[in-house]
Every structure is written in structure tokens, then in C-alpha cells.
Amino acid sequence: MTMLVLKPGMQASVQDLGRHGHRRLGVCPGGALDALALTLANRLVGNADGAAGLEIAMGGCELRFETDTRIALTGDGFGATLDGTPVWPCWSMPVAAGQTLRLAGANPAGAGKAGLRSWLAVAGGIDVPPVLGSRSTDLKAGFGGHEGRALRKGDRLPLGAAALDAAQLARRPFGLRGPAWDDAAPHADDGAIALRVLPGPEFEQFTAASQALLWRERWRITPQSNRMGSRLAGAELQRARNIDMLSSGVIPGTIQVPPSGQPIILMGDAQTTGGYPRIGVVIRADLWKLAQAPLDGRLRLVQVDMAAALAAWAGQQRYLAQVAQGLAAAGWPRAA
Amino acid sequence: MSLPRLHPLGDAALLCELPAPATLAQQQQIWALGAEVQQWPGVGEVLPGMNNLTLTFDPTVTGIDALMQRVSEAWPALSVAAVEGRTVEIPVAYGGEHGPDLADVAAHTRLTPAEVVRRHSEAEYVVYLLGFLPGFAFMGGLPPELATPRRAEPRFAVPARSVGIGGEQTGIYPLVSPGGWRLIGRTPLELFDPKAESPTLLRPGDRVRFVVESVQT
């Protein structure tokens with residue numbers, strides 16, 4: 001019950017829903033940057049939501065299955081094929097031992113234009129040993145996942161016992177309607193992806209002009225972005241006074257503004273504390289959009305209030321509940 | 001002690017922040033707040049910062065307004081004496097290849113390298129928080145005369161277990177990491193072991209003494 005890495009692509013790592021409860025030790029939560037995508041993929045193959053899968057950045061990945069199993073891919077599909085047969089995102093597919101899954105590399109012509117990352121779930125999950133309660137790879141600290149690092153050619157990943165029986169594993173493919181809420185669509189006029197943001201603890205320290213620019217600018221996601229954070233380029237944000245900050249907690253979604261004036265939106269692998277002013281925080285319900293946003297893509301930051309942030313989160317939970325009901329009604333099991 | 005400033009950090013976290021400067025008395029109150037809020041329903045993680053505390057919560061269990069109200073009410077009644085640290089001795093090989101910036105610190109502080117080592121190792125430090133990297137301890141108690149600005153160009157890879165001075169702080173890099181602190185020595189101790197029952201050598205509230213193992217000047 002293994003899976004062989006023939007090509008890892010730009011960066012592929014084992015991730016689950018994150019390592020929680022250890023921030024006070026300086027340990028970041030990490031985990032799949034699009035938790036929703038990994039959750040959907042896991043449900044499609046009968047796994048518990050927290051089972052470990054692969055996060056694949058920018059495609060270019062090839063995997064050989066060494067056992068009969070079942071897979072689901074979410075996020076950008078990067079033109080995935082299983083021995084030449086198309087694998088669509090948000091579909092559940094049977095796989096026979098010896099078959100190879102190929103994701104095309106990111107290229108301007110098509111694959112990868114819609115997103116940056118894919119998440120792959122395999123029935124039974126990737127069975128690496130949990131460290132501090134999680135199977136996620138902490139790439140910065142070098143532990144968890146598979147040997148604490150991104151995958152390399154020739155790595156062989158152990159798979160856990162599937163919750164599906166042989167007949168269910170072999171069942172013909174079926175799919176889900178993906179999470180395509182209206183607010184997730186790029187802006188019709190300028191193609192920018194909207195992220196909803198609550199003003200951060202230091203918002204008031206910025207000049208009125210910079211506060212207005214935060215919402216008005218169309219921010220470009222620079223290639224210096226990774227699992228720690230998305231670095232944005234655009235207008236220069238300035239504080240009214242330069243007050244030295246003491247180390248203070250940061251969470252995924254926090255928008256920090258270093259002295260360059262160019263904001264950084266922190267992601268799951270970011271450090272747990274920071275010393276730069278926090279002009280805003282992306283709401284939890286929109287973090288998945290940032291995880292998928294392609295490099296060089298444009299973002300616009302939209303100010304919302306707490307009620308809107310909570311309503312957006314509740315809407316996402318309703319969608320997940322509908323998915324669970326639909327799968328259960330179709331007789332699809334799910335590991336506890 | 002004045003009430004902390006309370007501000008949401010996104011839709012599921014709350015920042016509680018005391019006015020500067022950071023003092024041990026304020027930090028002890030922060031730790032006490034951390035111990036208290038952890039007992040509350042809906043509160044997830046508690047992360048002390050320097051002079052501040054961030055907590056995560058589940059908004060379906062407790063609302064932000066109710067949480068702020070509760071922090072305000074609990075603050076004056078906190079039992080600060082409940083926080084107790086241990087004393088941890090950290091052996092350090094100062095200078096030479098282990099502490100390539102010892103001479104820079106000596107030049108900046110107008111002390112001899114031996115004197116920098118003596119003062120650094122005679123002070124008592126308190127761990128205010130762990131953050132930045134797993135097991136990285138931010139400590140208070142650096143003798144003010146040893147304060148040295150960070151390097152203009154941060155190193156790409158600071159060796160693991162390096163002891164450094166950054167501004168008015170001292171600390172130890174648990175892992176290889178980029179960093180701009182002045183490196184004055186290295187300890188053989190493991191600061192972070194994710195597989196250990198207690199993964200970090202140091203914990204907030206611990207008192208730290210650096211013990212001179214060797215000096216190369």
C-alpha cells in the first residue's frame with residue numbers, strides 16, 4: 001500500500017488540516033493552505049476530513065500507485081491524467097496498481113492559469129507518522145510529513161487502510177460541484193480576485209491615504225510568495241508615525257506591512273509571532289482563495305465587518321454540510 | 001495595572017495588548033491571563049507575545065464581544081503568583097567559529113570580548129515567550145550596555161543553537177534559519193525536539209543562565 005513519486009514538480013508536500021495547539025512553542029499550524037480543498041478531496045475517497053494528502057504547487061507532478069485505491073484531486077487540476085484518461089478536479093476516481101497520475105506543469109497557455117495548487121487525497125490517507133498531533137510537513141523547521149521535507153523523486157509514501165471496501169474502491173467515477181461561490185469569481189472589470197478583510201490591530205496607525213489605498217489598489221502577487229506568505233506589490237503603504245512594535249501573535253491571513261510598504265499576507269507556514277504592523281486580516285472563509293491565487297495574479301482587498309466575516313464562514317460550513325449529506329445519501333462512507 | 005487594549009485579529013482571534021514598555025511584571029500578568037482564558041469555553045490556542053497575548057476562539061461558541069467583556073472583567077482579579085518557572089543553565093562556547101560576531105559586539109559596546117562574555121553570562125534572563133521559530137525563546141534581562149543593533153544584511157543561514165544578541169534582546173536559534181542577530185556563541189543543547197514529550201527546552205517564565213564553557217577571542 002504505497003505510492004511512488006516519479007516527479008515531485010516545483011513543490012509537493014504531505015499536509016493534513018494542520019498542527020494545532022502548539023503556537024505557544026513557536027510551532028506554526030501549517031497544513032493544507034486550502035483546507036476546504038483537502039477536506040473535499042478526503043470526503044470524495046471516504047477519508048476523515050483530517051487525513052493527510054498531498055499539496056502540489058504548480059503541477060508538474062507524477063505519481064505511480066502501487067496498490068488498487070481511489071483518488072480525488074481538488075484545486076487546479078493542471079490537466080491531470082491517469083494513464084492518459086482525464087482526471088477532473090472534485091471527482092472521485094478508482095485507480096489500479098501500476099497506474100500513473102500526471103499533472104502538467106504550470107504554463108501561460110492553460111494549465112495552472114486558474115490556480116496555483118492542487119490537493120490529492122488517496123483512500124486511507126498518507127500514513128506517515130504524526131508529529132505533535134499532525135502529519136503535515138513543517139518545511140521551515142524540517143519535521144513532520146515525509147522526513148520533514150518536500151517530496152523528491154523516488155520517495156515511496158505509505159498509504160493507510162481505506163474506509164472503502166473493494167467494491168467501493170472500484171466504483172465508477174463520480175463528481176461534486178466545486179466550491180464556486182459568486183464572491184469567489186475574479187472581478188469582471190479587472191480580473192482581480194476579491195479577498196474580504198477585517199481591519200487589523202494597527203490599521204489606525206497608517207495614514208488616511210494608505211488606508212484608502214489598501215482597498216483601492218489592485219495588488220499583484222509576486223513570485224517571492226510561498227507557504228509562509230504571499231508578498232504583494234503595488235502602492236506603498238505608510239504609517240503616520242514609525243512606532244517600534246514588540247513581538248506579537250500573527251495568524252494565517254494577517255496582512256503585515258514591513259518597512260518597504262509592500263504588504264505580505266501570511267499563510268499557514270508563517271512564523272507564529274511578528275513585529276510588523278498588521279493593517280488587516282483576511283477572513284477565514286477567503287483564505288482558500290489566496291492559496292489558489294496564481295502568481296502574478298491580481299488581488300483586491302475588500303473591507304468587511306465581523307458580521308459579514310462570520311456569515312461567510314457559516315455559508316462555507318453549510319456547503320460542506322450539503323456535501324456530507326449528498327455523499328451519505330449516495331451511500332458513500334466516511335471514516336470518523 | 002491598566003486594562004489591555006483589546007482588538008480582533010481576524011474573525012477568530014483576539015489580541016490583548018498592554019502599553020509599552022514590556023516589563024516582567026506586565027509579562028507575568030499576561031501569563032496569568034493566558035492560564036485563565038484557557039479555561040473558557042470556545043477558546044482554542046493562547047499565544048503570549050512580548051507584552052501582549054493573542055488567543056484564538058471558535059465564534060460559534062463565544063462571540064468576540066462577550067470574550068472582550070470577559071477579559072476586561074477577569075483582568076483585575078488575575079492570580080499572578082500562579083506562574084512559576086524553572087532555572088535552566090545553558091552552556092555556551094563563546095566566540096571563534098561558534099560566535100563570529102563577538103568582536104563586533106565588543107567593538108560596538110566598547111568592551112573587550114572577554115568582558116562581553118562575562119556580562120552576558122552573569123546576567124539572569126527570563127523567557128518572555130516562544131515564537132518566530134519552534135522553541136525560539138525571547139528573553140528579557142540583557143544588560144543594557146550589551147545592546148547591539150542587528151546586522152545590516154541578515155545571514156542566509158544562521159547555524160542551529162547559535163546564541164545571539166539582537167538590539168536589546170538575546171536568544172538562541174533552535175534551527176538553521178535566516179537571521180540578523182549578532183552571533184556570540186553556540187550551545188550544545190537541543191532547543192527543540194518535536195518527538196519529545198516536552199518539545200522545547202525552554203518555557204515562558206523560565207529563568208536562564210548562560211554558563212561559559214569556553215571562550216575564543
# chains A, B, ... in the order shown; residues from 1 in each chain; ligands from 1
$ residues_around --residues "Cys61 (chain A)" --least-positions-apart "6" --cutoff "6 Å" --atoms "only C-alpha atoms" --output "ChimeraX atom specification"
/A:7-9,102-103
$ write_last_selection --atoms "C-alpha atoms" --output "PDB file, in the first residue's frame"
ATOM      1  CA  LYS A   7       8.320  13.616 -10.308  1.00  0.00           C
ATOM      2  CA  PRO A   8       7.512  15.965  -7.419  1.00  0.00           C
ATOM      3  CA  GLY A   9       7.114  19.116  -9.543  1.00  0.00           C
ATOM      4  CA  ARG A 102       0.354  13.049 -14.238  1.00  0.00           C
ATOM      5  CA  LEU A 103      -0.207  16.758 -13.632  1.00  0.00           C
TER       6      LEU A 103
END
$ interface_residues --of "chain A" --to "chain B" --cutoff "7 Å" --atoms "only C-alpha atoms" --output "ChimeraX atom specification"
/A:21,23-27,131-132,141,198,200-201,246-249,271-273,281-284,306,309-310
$ residues_around --residues "Pro143 (chain B)" --least-positions-apart "3" --cutoff "8 Å" --atoms "only C-alpha atoms" --output "list in words"
Arg119, His120, Ala123, Leu146 and Ala147 of chain B
$ atom_distance --atom1 "CA of Leu3 (chain B)" --atom2 "CA of Ser72 (chain B)"
6.8 Å
$ select_by_dssp --residues "region 37-184 of chain A" --states "strand (DSSP E or B)" --output "PyMOL selection string"
chain A and resi 53-57+59+62-65+69-75+81-82+85-86+91-95+100-102+105+117-122+126+131+134+138+143+156-159+174-175
$ residues_around --residues "region 163-165 of chain B" --least-positions-apart "3" --cutoff "6 Å" --atoms "only C-alpha atoms" --output "list of chain:residue names"
B:Gln169, B:Thr170, B:Gly171, B:Ile172, B:Trp181, B:Arg182, B:Leu183, B:Ile184, B:Gly185, B:Arg186
$ residues_around --residues "Leu111 (chain B)" --least-positions-apart "3" --cutoff "12 Å" --atoms "only C-alpha atoms" --output "JSON, numbers by chain"
{"B": [102, 103, 104, 105, 106, 107, 108, 114, 115, 116, 117, 118, 119, 120, 145, 146, 147, 148]}
$ closest_residue --among "B:Pro100, B:Pro4, B:Pro19, B:Pro91" --to "Glu73 (chain B)" --atoms "only C-alpha atoms"
B:Pro4
$ residues_around --residues "Gly178 (chain A)" --least-positions-apart "4" --cutoff "10 Å" --atoms "only C-alpha atoms" --output "ChimeraX atom specification"
/A:37,40,74-75,89-91,319,323
$ write_last_selection --atoms "N, CA, C and O atoms" --output "short mmCIF file (atom, residue, chain, number, x, y, z; two decimals), in the first residue's frame"
data_model
loop_
_atom_site.label_atom_id
_atom_site.label_comp_id
_atom_site.auth_asym_id
_atom_site.auth_seq_id
_atom_site.Cartn_x
_atom_site.Cartn_y
_atom_site.Cartn_z
N ALA A 37 -10.30 22.53 0.19
CA ALA A 37 -9.99 21.65 -0.93
C ALA A 37 -9.56 20.27 -0.42
O ALA A 37 -9.99 19.24 -0.96
N LEU A 40 -12.64 18.39 0.94
CA LEU A 40 -13.48 17.84 -0.14
C LEU A 40 -12.84 16.61 -0.75
O LEU A 40 -13.49 15.59 -0.97
N THR A 74 -8.34 18.10 -5.99
CA THR A 74 -9.08 19.36 -5.91
C THR A 74 -8.10 20.51 -6.13
O THR A 74 -6.89 20.31 -6.20
N GLY A 75 -8.65 21.72 -6.22
CA GLY A 75 -7.82 22.86 -6.58
C GLY A 75 -7.68 22.91 -8.09
O GLY A 75 -8.55 22.42 -8.82
N PRO A 89 -10.94 17.87 -11.45
CA PRO A 89 -10.99 18.28 -10.05
C PRO A 89 -12.37 18.02 -9.46
O PRO A 89 -13.38 18.15 -10.15
N CYS A 90 -12.39 17.63 -8.19
CA CYS A 90 -13.64 17.36 -7.45
C CYS A 90 -14.34 16.09 -7.93
O CYS A 90 -15.55 15.95 -7.76
N TRP A 91 -13.60 15.20 -8.58
CA TRP A 91 -14.14 13.88 -8.93
C TRP A 91 -13.42 12.82 -8.11
O TRP A 91 -12.27 13.00 -7.70
N TYR A 319 -22.19 24.67 2.93
CA TYR A 319 -21.79 23.95 1.71
C TYR A 319 -21.18 22.60 2.08
O TYR A 319 -21.53 21.57 1.50
N VAL A 323 -22.48 18.83 1.14
CA VAL A 323 -21.62 17.80 0.53
C VAL A 323 -21.71 16.51 1.33
O VAL A 323 -21.89 15.42 0.77
#
$ closest_residue --among "A:Ile264, A:Ala166, A:Ile255, A:Ile221" --to "Leu295 (chain A)" --atoms "only C-alpha atoms"
A:Ile221
$ residues_around --residues "Gly115 (chain A)" --least-positions-apart "6" --cutoff "6 Å" --atoms "only C-alpha atoms" --output "list in words"
Asp76, Gln292, Ala293 and Pro294 of chain A
$ atom_distance --atom1 "CA of Ala150 (chain A)" --atom2 "CA of Ala12 (chain A)"
5.7 Å
$ select_by_dssp --residues "region 18-193 of chain B" --states "alpha helix (DSSP H)" --output "ChimeraX atom specification"
/B:24-37,64-74,102-109,113-122
$ closest_residue --among "A:Ala97, A:Ala104, A:Ala194, A:Ile243" --to "Met10 (chain A)" --atoms "only C-alpha atoms"
A:Ala104
